[in-house]
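Asks: You'll find final.csv just under this line, and it carries CSV, C-alpha atoms.
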```csv
chain,number,residue,atom,x,y,z
A,130,MET,CA,93.6,7.0,-184.0
A,131,PRO,CA,90.8,5.9,-181.8
A,132,ASP,CA,88.7,7.8,-179.3
A,133,PHE,CA,89.9,11.3,-179.9
A,134,PRO,CA,88.0,14.1,-178.2
A,135,THR,CA,85.6,15.8,-180.6
A,136,GLY,CA,86.0,19.5,-181.3
A,137,PRO,CA,89.2,21.5,-181.3
A,138,GLY,CA,90.8,21.9,-178.0
A,139,LYS,CA,87.9,20.4,-176.1
A,140,ASN,CA,89.2,19.5,-172.6
A,141,VAL,CA,92.7,19.3,-174.1
A,142,ILE,CA,94.1,22.4,-172.5
A,143,GLU,CA,93.3,21.3,-169.0
A,144,GLN,CA,94.9,17.9,-169.8
A,145,VAL,CA,97.9,19.8,-171.2
A,146,ARG,CA,98.3,21.9,-168.1
A,147,ARG,CA,98.1,18.8,-165.9
A,148,ALA,CA,100.6,17.1,-168.2
A,149,GLN,CA,102.9,20.0,-168.0
A,150,GLN,CA,102.8,20.0,-164.2
A,151,ASN,CA,103.4,16.2,-164.3
A,152,HIS,CA,106.2,16.8,-166.7
A,153,LEU,CA,107.9,19.2,-164.3
A,154,ALA,CA,107.4,16.7,-161.5
A,155,GLN,CA,108.8,14.0,-163.7
A,156,ASP,CA,111.8,16.1,-164.4
A,157,THR,CA,112.7,16.0,-160.8
A,158,LEU,CA,112.5,12.2,-160.8
A,159,ASP,CA,114.5,12.0,-164.0
A,160,SER,CA,111.7,10.1,-165.7
A,161,PRO,CA,112.4,9.4,-169.3
A,162,GLN,CA,108.7,9.4,-170.1
A,163,GLN,CA,107.4,12.4,-171.9
A,164,GLN,CA,103.9,13.5,-172.8
A,165,TYR,CA,102.9,14.5,-176.3
A,166,LEU,CA,99.8,16.1,-177.8
A,167,THR,CA,98.8,14.4,-181.0
A,168,PHE,CA,97.3,16.2,-183.9
A,169,ARG,CA,96.4,15.6,-187.5
A,170,LEU,CA,97.6,17.4,-190.6
A,171,SER,CA,95.9,16.1,-193.7
A,172,GLU,CA,96.0,12.3,-193.3
A,173,GLU,CA,99.1,12.3,-191.1
A,174,TRP,CA,99.4,12.3,-187.4
A,175,TYR,CA,102.0,14.2,-185.4
A,176,GLY,CA,103.0,14.6,-181.8
A,177,LEU,CA,104.4,17.7,-179.9
A,178,ASN,CA,105.9,17.6,-176.5
A,179,VAL,CA,103.5,19.3,-174.1
A,180,TYR,CA,106.4,21.2,-172.6
A,181,GLN,CA,106.4,23.4,-175.7
A,182,LEU,CA,102.6,24.0,-175.7
A,183,VAL,CA,101.0,27.2,-174.5
A,184,GLU,CA,97.4,26.7,-175.5
A,185,VAL,CA,95.1,24.9,-177.8
A,186,LEU,CA,92.2,27.0,-179.1
A,187,PRO,CA,89.5,27.0,-181.7
A,188,THR,CA,90.7,28.7,-184.8
A,189,PRO,CA,90.5,32.4,-184.2
A,190,LYS,CA,90.2,35.1,-186.8
A,191,ILE,CA,93.5,35.3,-188.7
A,192,THR,CA,94.4,38.4,-190.6
A,193,ARG,CA,96.2,37.7,-193.8
A,194,VAL,CA,99.5,39.6,-194.4
A,195,PRO,CA,100.6,40.5,-198.0
A,196,SER,CA,103.8,39.3,-199.6
A,197,VAL,CA,104.9,36.6,-197.2
A,198,PRO,CA,105.6,32.9,-197.8
A,199,ASP,CA,102.4,30.8,-198.4
A,200,HIS,CA,102.8,28.9,-195.2
A,201,ILE,CA,102.4,32.0,-193.1
A,202,LEU,CA,98.7,32.4,-192.6
A,203,GLY,CA,98.9,35.8,-191.0
A,204,VAL,CA,98.5,37.4,-187.6
A,205,MET,CA,96.1,36.7,-184.8
A,206,ASN,CA,95.4,38.3,-181.4
A,207,PHE,CA,96.1,35.9,-178.6
A,208,ARG,CA,95.5,37.2,-175.1
A,209,GLY,CA,96.3,40.7,-176.1
A,210,GLU,CA,99.4,39.8,-178.0
A,211,VAL,CA,99.8,39.5,-181.8
A,212,LEU,CA,101.2,36.2,-183.0
A,213,SER,CA,102.1,34.8,-186.3
A,214,ALA,CA,100.0,31.9,-187.5
A,215,ILE,CA,101.5,29.2,-189.6
A,216,ASP,CA,99.9,26.5,-191.8
A,217,LEU,CA,102.1,23.5,-191.1
A,218,LYS,CA,100.5,21.6,-193.9
A,219,LYS,CA,101.8,24.0,-196.4
A,220,PHE,CA,105.1,24.1,-194.7
A,221,PHE,CA,105.5,20.4,-194.9
A,222,GLY,CA,104.1,20.3,-198.4
A,223,LEU,CA,101.1,18.2,-197.5
A,224,PRO,CA,97.9,18.1,-199.5
A,225,GLN,CA,95.5,21.0,-198.7
A,226,SER,CA,92.0,20.4,-197.5
A,227,GLU,CA,89.0,22.5,-196.8
A,228,SER,CA,88.5,24.2,-193.4
A,229,THR,CA,86.5,22.2,-190.9
A,230,ALA,CA,85.2,22.7,-187.4
A,231,ASP,CA,87.8,20.3,-186.1
A,232,GLN,CA,90.7,22.6,-187.0
A,233,ALA,CA,92.5,24.3,-184.2
A,234,ILE,CA,95.4,26.5,-183.4
A,235,VAL,CA,98.1,25.1,-181.3
A,236,VAL,CA,100.1,27.9,-179.7
A,237,VAL,CA,103.6,26.9,-179.1
A,238,GLU,CA,106.6,28.6,-177.4
A,239,HIS,CA,110.1,28.4,-178.7
A,240,GLY,CA,112.9,30.6,-177.6
A,241,GLU,CA,110.5,33.0,-175.8
A,242,MET,CA,108.5,33.4,-179.1
A,243,GLN,CA,105.0,32.2,-179.3
A,244,THR,CA,103.6,31.1,-182.6
A,245,GLY,CA,100.2,29.7,-183.7
A,246,LEU,CA,100.2,26.4,-185.7
A,247,LEU,CA,97.0,25.5,-187.6
A,248,VAL,CA,96.2,21.8,-187.4
A,249,ASP,CA,93.3,19.8,-188.8
A,250,GLU,CA,92.3,18.0,-185.7
A,251,ILE,CA,93.5,17.7,-182.1
A,252,GLY,CA,94.1,14.2,-180.9
A,253,ASP,CA,95.0,12.9,-177.5
A,254,LEU,CA,97.8,13.1,-175.0
A,255,ILE,CA,100.1,10.1,-175.0
A,256,ASP,CA,103.2,9.0,-173.1
A,257,LEU,CA,106.3,8.1,-174.9
A,258,THR,CA,109.9,7.3,-173.9
A,259,PRO,CA,112.9,8.0,-176.0
A,260,GLU,CA,113.1,4.3,-176.8
A,261,ASP,CA,109.7,4.5,-178.5
A,262,LEU,CA,111.1,6.9,-181.1
A,263,SER,CA,113.0,5.8,-184.1
A,264,GLU,CA,114.5,7.9,-186.9
A,265,GLU,CA,114.1,5.0,-189.2
A,266,THR,CA,110.3,5.3,-189.2
A,267,ILE,CA,110.3,8.9,-190.4
A,268,THR,CA,108.9,8.8,-193.8
A,269,THR,CA,109.6,12.3,-194.9
A,270,GLY,CA,112.4,13.1,-197.3
A,271,GLU,CA,115.9,13.9,-196.1
A,272,SER,CA,115.2,17.7,-196.4
A,273,GLN,CA,112.5,17.5,-193.7
A,274,ARG,CA,114.4,15.1,-191.3
A,275,ALA,CA,115.5,18.1,-189.2
A,276,PHE,CA,111.8,18.9,-188.4
A,277,PHE,CA,111.3,15.7,-186.4
A,278,GLU,CA,112.6,14.1,-183.3
A,279,GLY,CA,111.6,10.7,-184.6
A,280,ALA,CA,108.6,8.7,-185.2
A,281,THR,CA,106.8,5.7,-183.7
A,282,ASN,CA,104.0,3.3,-184.5
A,283,TRP,CA,101.2,4.1,-182.2
A,284,ASP,CA,97.9,2.3,-182.3
A,285,GLU,CA,98.7,1.1,-185.9
A,286,THR,CA,99.3,4.7,-187.0
A,287,LEU,CA,102.6,6.3,-187.7
A,288,LEU,CA,103.2,9.2,-185.4
A,289,SER,CA,105.9,11.7,-186.3
A,290,ILE,CA,107.2,13.8,-183.4
A,291,ILE,CA,107.7,17.4,-184.2
A,292,LYS,CA,111.0,19.1,-183.4
A,293,LEU,CA,110.1,22.8,-183.2
A,294,GLU,CA,113.7,23.9,-183.1
A,295,GLY,CA,114.3,22.3,-186.5
A,296,ILE,CA,111.2,23.9,-188.0
A,297,PHE,CA,111.7,27.4,-186.7
A,298,GLN,CA,115.4,27.5,-187.6
A,299,SER,CA,114.7,26.5,-191.2
A,300,GLU,CA,114.5,28.8,-194.2
A,301,GLY,CA,111.0,30.3,-194.5
A,302,MET,CA,110.7,30.6,-190.7
A,303,TYR,CA,113.1,32.5,-188.5
A,304,SER,CA,115.8,32.2,-191.2
A,305,HIS,CA,115.7,34.1,-194.4
A,306,ARG,CA,114.8,32.1,-197.5
A,307,GLY,CA,117.5,32.2,-200.1
B,134,MET,CA,100.6,64.9,-167.1
B,135,VAL,CA,99.5,67.1,-169.9
B,136,GLY,CA,100.3,65.6,-173.2
B,137,THR,CA,100.3,62.0,-171.9
B,138,ASP,CA,97.0,61.2,-173.5
B,139,GLU,CA,98.1,62.7,-176.8
B,140,ALA,CA,101.4,60.8,-176.8
B,141,ALA,CA,99.5,57.5,-176.0
B,142,THR,CA,97.3,57.5,-179.0
B,143,LEU,CA,98.1,57.1,-182.7
B,144,ALA,CA,95.9,58.6,-185.5
B,145,ILE,CA,95.7,56.1,-188.3
B,146,LEU,CA,94.1,56.4,-191.7
B,147,THR,CA,93.0,53.0,-192.8
B,148,PHE,CA,92.7,51.9,-196.4
B,149,TRP,CA,92.1,48.7,-198.4
B,150,VAL,CA,94.3,47.1,-201.0
B,151,GLY,CA,92.6,44.0,-202.3
B,152,PRO,CA,91.6,42.0,-199.3
B,153,PHE,CA,94.2,43.6,-197.0
B,154,LEU,CA,93.1,46.3,-194.4
B,155,LEU,CA,96.1,48.6,-194.0
B,156,GLY,CA,96.8,51.7,-192.0
B,157,VAL,CA,99.2,54.6,-192.1
B,158,GLU,CA,99.9,57.2,-189.5
B,159,ALA,CA,97.7,60.1,-190.4
B,160,ASP,CA,100.5,62.7,-190.0
B,161,GLN,CA,102.3,61.1,-193.0
B,162,ILE,CA,99.5,62.1,-195.3
B,163,VAL,CA,100.0,65.4,-197.0
B,164,ARG,CA,96.5,65.6,-198.3
B,165,LEU,CA,93.6,63.3,-197.7
B,166,PRO,CA,92.2,62.0,-201.0
B,167,PRO,CA,88.8,63.1,-202.1
B,168,PRO,CA,85.9,60.6,-202.3
B,169,PRO,CA,86.4,58.1,-205.2
B,170,ARG,CA,83.7,59.6,-207.4
B,171,GLN,CA,85.7,62.8,-207.5
B,172,MET,CA,88.9,60.9,-208.6
B,173,SER,CA,87.8,60.0,-212.0
B,174,PRO,CA,87.6,63.5,-213.5
B,175,THR,CA,91.0,64.7,-214.6
B,176,PRO,CA,91.1,67.9,-212.5
B,177,ASP,CA,91.6,66.0,-209.3
B,178,LEU,CA,94.0,63.6,-210.7
B,179,GLY,CA,95.7,66.4,-212.4
B,180,LEU,CA,96.9,67.7,-209.1
B,181,VAL,CA,98.8,64.5,-208.4
B,182,ASP,CA,99.6,63.1,-211.8
B,183,HIS,CA,103.1,64.8,-211.8
B,184,LEU,CA,104.0,62.9,-208.6
B,185,PRO,CA,106.1,59.8,-208.5
B,186,MET,CA,103.4,57.1,-208.0
B,187,LEU,CA,103.4,53.6,-206.6
B,188,ASP,CA,100.5,51.2,-206.8
B,189,LEU,CA,100.3,49.4,-203.5
B,190,ARG,CA,98.6,46.4,-205.2
B,191,MET,CA,102.2,45.6,-206.4
B,192,ALA,CA,103.6,45.8,-202.9
B,193,CYS,CA,100.8,43.4,-201.8
B,194,GLY,CA,101.6,40.9,-204.6
B,195,LEU,CA,98.2,41.5,-206.2
B,196,PRO,CA,97.5,41.9,-210.0
B,197,PRO,CA,96.8,45.4,-211.3
B,198,ALA,CA,93.3,46.7,-210.8
B,199,PRO,CA,91.2,46.4,-214.0
B,200,SER,CA,90.6,50.2,-213.8
B,201,ASP,CA,91.9,53.1,-211.7
B,202,ALA,CA,88.6,54.9,-212.0
B,203,HIS,CA,87.4,54.2,-208.4
B,204,ARG,CA,90.7,54.0,-206.7
B,205,GLN,CA,92.2,56.7,-204.5
B,206,ILE,CA,95.6,58.2,-204.0
B,207,LEU,CA,97.4,58.9,-200.7
B,208,VAL,CA,99.9,61.7,-201.0
B,209,ILE,CA,102.8,61.2,-198.6
B,210,ASP,CA,105.6,63.6,-197.7
B,211,ARG,CA,108.8,61.6,-197.9
B,212,GLY,CA,111.7,63.8,-196.8
B,213,GLY,CA,110.3,66.9,-198.5
B,214,GLU,CA,109.4,65.0,-201.7
B,215,LYS,CA,105.8,64.2,-202.3
B,216,MET,CA,104.9,60.7,-203.3
B,217,GLY,CA,101.6,59.2,-204.4
B,218,TYR,CA,100.4,55.8,-203.4
B,219,LYS,CA,97.4,54.2,-205.2
B,220,VAL,CA,95.1,52.3,-203.0
B,221,ASP,CA,91.8,50.6,-203.7
B,222,LYS,CA,89.7,52.4,-201.1
B,223,VAL,CA,90.3,54.7,-198.2
B,224,GLY,CA,88.7,53.7,-194.9
B,225,ASP,CA,88.4,55.5,-191.6
B,226,LEU,CA,90.5,57.9,-189.6
B,227,ILE,CA,90.9,56.0,-186.4
B,228,SER,CA,92.7,56.7,-183.1
B,229,VAL,CA,94.3,53.8,-181.3
B,230,ASP,CA,95.9,53.4,-177.9
B,231,MET,CA,99.6,52.8,-178.5
B,232,ALA,CA,100.1,50.7,-175.3
B,233,ARG,CA,97.1,48.4,-175.7
B,234,GLN,CA,96.2,48.4,-179.4
B,235,VAL,CA,99.4,48.7,-181.3
B,236,TRP,CA,102.1,46.0,-181.7
B,237,LYS,CA,105.3,45.6,-183.7
B,238,LEU,CA,105.2,42.7,-186.2
B,239,PRO,CA,105.8,39.3,-184.7
B,240,PRO,CA,109.4,38.2,-185.2
B,241,LEU,CA,108.6,35.6,-187.8
B,242,LEU,CA,106.9,38.2,-190.0
B,243,GLU,CA,109.6,40.7,-189.4
B,244,VAL,CA,112.1,38.1,-190.8
B,245,GLN,CA,109.9,37.0,-193.7
B,246,LYS,CA,108.2,40.1,-194.9
B,247,GLN,CA,109.0,41.2,-198.4
B,248,TRP,CA,107.2,44.5,-198.1
B,249,LYS,CA,109.7,46.5,-196.0
B,250,GLN,CA,107.3,49.3,-195.3
B,251,LEU,CA,105.1,46.9,-193.2
B,252,TRP,CA,106.0,47.5,-189.5
B,253,GLY,CA,103.2,46.7,-187.2
B,254,VAL,CA,99.6,45.8,-186.3
B,255,CYS,CA,96.8,47.6,-184.5
B,256,GLN,CA,93.5,46.4,-183.2
B,257,TRP,CA,90.5,48.3,-184.4
B,258,LYS,CA,87.1,46.9,-183.3
B,259,ASP,CA,87.3,43.3,-184.2
B,260,GLU,CA,89.9,43.8,-187.0
B,261,LEU,CA,93.6,43.7,-187.0
B,262,VAL,CA,95.0,46.5,-189.2
B,263,LEU,CA,98.4,46.1,-190.8
B,264,LEU,CA,100.5,49.2,-190.3
B,265,VAL,CA,102.8,50.6,-193.0
B,266,ASP,CA,105.3,53.4,-192.9
B,267,LEU,CA,104.9,55.0,-196.3
B,268,GLN,CA,107.6,57.5,-195.6
B,269,TYR,CA,110.2,54.7,-195.3
B,270,GLU,CA,112.2,54.3,-198.5
B,271,PRO,CA,113.2,50.7,-198.9
```
Using the file provided, produce a representation of the structure as structure tokens.
Replies:
Amino acid sequence: MPDFPTGPGKNVIEQVRRAQQNHLAQDTLDSPQQQYLTFRLSEEWYGLNVYQLVEVLPTPKITRVPSVPDHILGVMNFRGEVLSAIDLKKFFGLPQSESTADQAIVVVEHGEMQTGLLVDEIGDLIDLTPEDLSEETITTGESQRAFFEGATNWDETLLSIIKLEGIFQSEGMYSHRG
Amino acid sequence: MVGTDEAATLAILTFWVGPFLLGVEADQIVRLPPPPRQMSPTPDLGLVDHLPMLDLRMACGLPPAPSDAHRQILVIDRGGEKMGYKVDKVGDLISVDMARQVWKLPPLLEVQKQWKQLWGVCQWKDELVLLVDLQYEP
């Protein structure tokens, strides 16, 4: 992934806001093109539709909560509200790595609920059309297929597009495990 | 508007269990525990050792403490029955604004929590304190 901005969230939120505004404008024109924020988890790159983004911020203080699944990091104060923070690497079963200054929290909104997602590095905003995405390029196992809209090869890197609905409706999230 | 101020604040006793900073509404506490150094001699413990006792390290998924010598006990009135909760260290008695400093658990945690007495979060200085209802019987 070339030429990513350095530092978590640097200039990204303004880009995201512009992208969201453009997205709304594009809706009225029925444009199939969508914008995605890319981010890294471990060695893998992912994309998230900017329409689901609320904010990108440097990792805030996260308070651990006892007796919850490992992928739930804890709670954080975001603009005077308390949100859950999730470690997507643990949720996806990806290798763990040490905390770095590049890590960031991506606050997303799904079904009127906001949640913080810890990512290892913020990438760039890119444009994709539905034709760019292919289910066949998803390399995760069958059990995780519901977590992705699809995948695409972008700048010689596989980019998996996150499907928040699939993640949040799964066991261990807003559905009980077991 | 007499009473509004009182109704808008919540008195919380904070305490530590392992790395977790927790809080319980102060009016649930029957008797504040004495300082830790007074807990070791049996006379103080003798006052509570007949009570049903729960170690909150278990609720927090932590291994037992190597020793109870410096730990403290919160005595809670649960429907007329007293109950003792062992904690690692009692913190401060704080007062928080219910409208601005107290929140219910986020929905994800409400779904996933295994410790059913956990109900909310309050902001105290730069810390988030996890609130528990020790009168609630799971």
Asks: For B:Leu242, please output as a ChimeraX atom specification all residues within 8 Å (counting only C-alpha atoms; exclusion window: fewer than 4 positions along the same chain).
Replies: /A:197,213 /B:238,246
Asks: Tell me which of A:Asp199, A:Glu300, A:Asp249, A:Glu264 sits closest to A:Thr229, counting all atoms listed in the file.
Replies: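 The closest residue to A:Thr229 is A:Asp249.
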Asks: Point out the residue among B:Arg164, B:Lys222, B:Lys215, B:Lys258 with the least atom-to-atom distance to B:Gln234, counting only C-alpha atoms.
Replies: B:Lys258
Asks: Find the residue from B:Gly224, B:Gly194, B:Pro199, B:Gly156 that sits nearest to chain A; use only C-alpha atoms when measuring.
Replies: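 The closest residue to chain A is B:Gly194.
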Asks: Just checking: using all atoms listed in the file, which residue out of B:Asp160, B:Glu260, B:Asp266, B:Asp221 ends up closest to B:Asp201?
Replies: B:Asp221
Asks: Between B:Ala159, B:Leu261, B:Val150, B:Ala232, which residue has the minimum interatomic distance to B:Cys193, considering all atoms listed in the file?
Replies: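 Of B:Ala159, B:Leu261, B:Val150, B:Ala232, the one nearest B:Cys193, counting all atoms listed in the file, is B:Val150.
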Asks: Mind listing as a ChimeraX atom specification which residues of chain B are within 12 Å of chain A, counting only C-alpha atoms?
Replies: /B:149-155,189-195,232-257,259-265
Asks: For stretch 172-186 of chain A, list every protein, DNA or RNA residue within 6 Å, evaluated using only C-alpha atoms, and leave out those in the same chain fewer than 3 positions away; present the list as a list in words.
Replies: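 Close residues of stretch 172-186 of chain A: Gly138, Ile142, Gln149, Gln164, Tyr165, Leu166, Thr167, Phe168, Arg169, Ala233, Ile234, Val235, Val236, Val237, Glu238, Leu288, Ser289, Ile290 and Ile291 of chain A.
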Asks: Could those residues be written to a file, using C-alpha atoms, as a tab-separated table (two decimals), in the frame of the given file?
Replies:
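Generated file (out_19.tsv):
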```
chain	number	residue	atom	x	y	z
A	138	GLY	CA	90.80	21.90	-178.00
A	142	ILE	CA	94.10	22.40	-172.50
A	149	GLN	CA	102.90	20.00	-168.00
A	164	GLN	CA	103.90	13.50	-172.80
A	165	TYR	CA	102.90	14.50	-176.30
A	166	LEU	CA	99.80	16.10	-177.80
A	167	THR	CA	98.80	14.40	-181.00
A	168	PHE	CA	97.30	16.20	-183.90
A	169	ARG	CA	96.40	15.60	-187.50
A	233	ALA	CA	92.50	24.30	-184.20
A	234	ILE	CA	95.40	26.50	-183.40
A	235	VAL	CA	98.10	25.10	-181.30
A	236	VAL	CA	100.10	27.90	-179.70
A	237	VAL	CA	103.60	26.90	-179.10
A	238	GLU	CA	106.60	28.60	-177.40
A	288	LEU	CA	103.20	9.20	-185.40
A	289	SER	CA	105.90	11.70	-186.30
A	290	ILE	CA	107.20	13.80	-183.40
A	291	ILE	CA	107.70	17.40	-184.20
```
Asks: Atom CA of B:Val208 and atom CA of B:Phe148 are how many Å apart?
Replies: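 Interatomic distance, atom CA of B:Val208 to atom CA of B:Phe148: 13.0 Å.
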Asks: Using all atoms listed in the file, list the residues that have an atom at most 10 Å from (93.7, 15.7, -197.3), coordinates as in the file, as a PDB file with C-alpha atoms, in the frame of the given file.
Replies:
```pdb
ATOM      1  CA  LEU A 170      97.600  17.400-190.600  1.00  0.00           C
ATOM      2  CA  SER A 171      95.900  16.100-193.700  1.00  0.00           C
ATOM      3  CA  GLU A 172      96.000  12.300-193.300  1.00  0.00           C
ATOM      4  CA  GLU A 173      99.100  12.300-191.100  1.00  0.00           C
ATOM      5  CA  LYS A 218     100.500  21.600-193.900  1.00  0.00           C
ATOM      6  CA  LEU A 223     101.100  18.200-197.500  1.00  0.00           C
ATOM      7  CA  PRO A 224      97.900  18.100-199.500  1.00  0.00           C
ATOM      8  CA  GLN A 225      95.500  21.000-198.700  1.00  0.00           C
ATOM      9  CA  SER A 226      92.000  20.400-197.500  1.00  0.00           C
ATOM     10  CA  GLU A 227      89.000  22.500-196.800  1.00  0.00           C
ATOM     11  CA  ASP A 249      93.300  19.800-188.800  1.00  0.00           C
TER      12      ASP A 249
END
```
Asks: Could you jot down the atom CA of B:Gly213 to atom CA of B:Pro185 separation for me, Å, one decimal place?
Replies: 13.0 Å
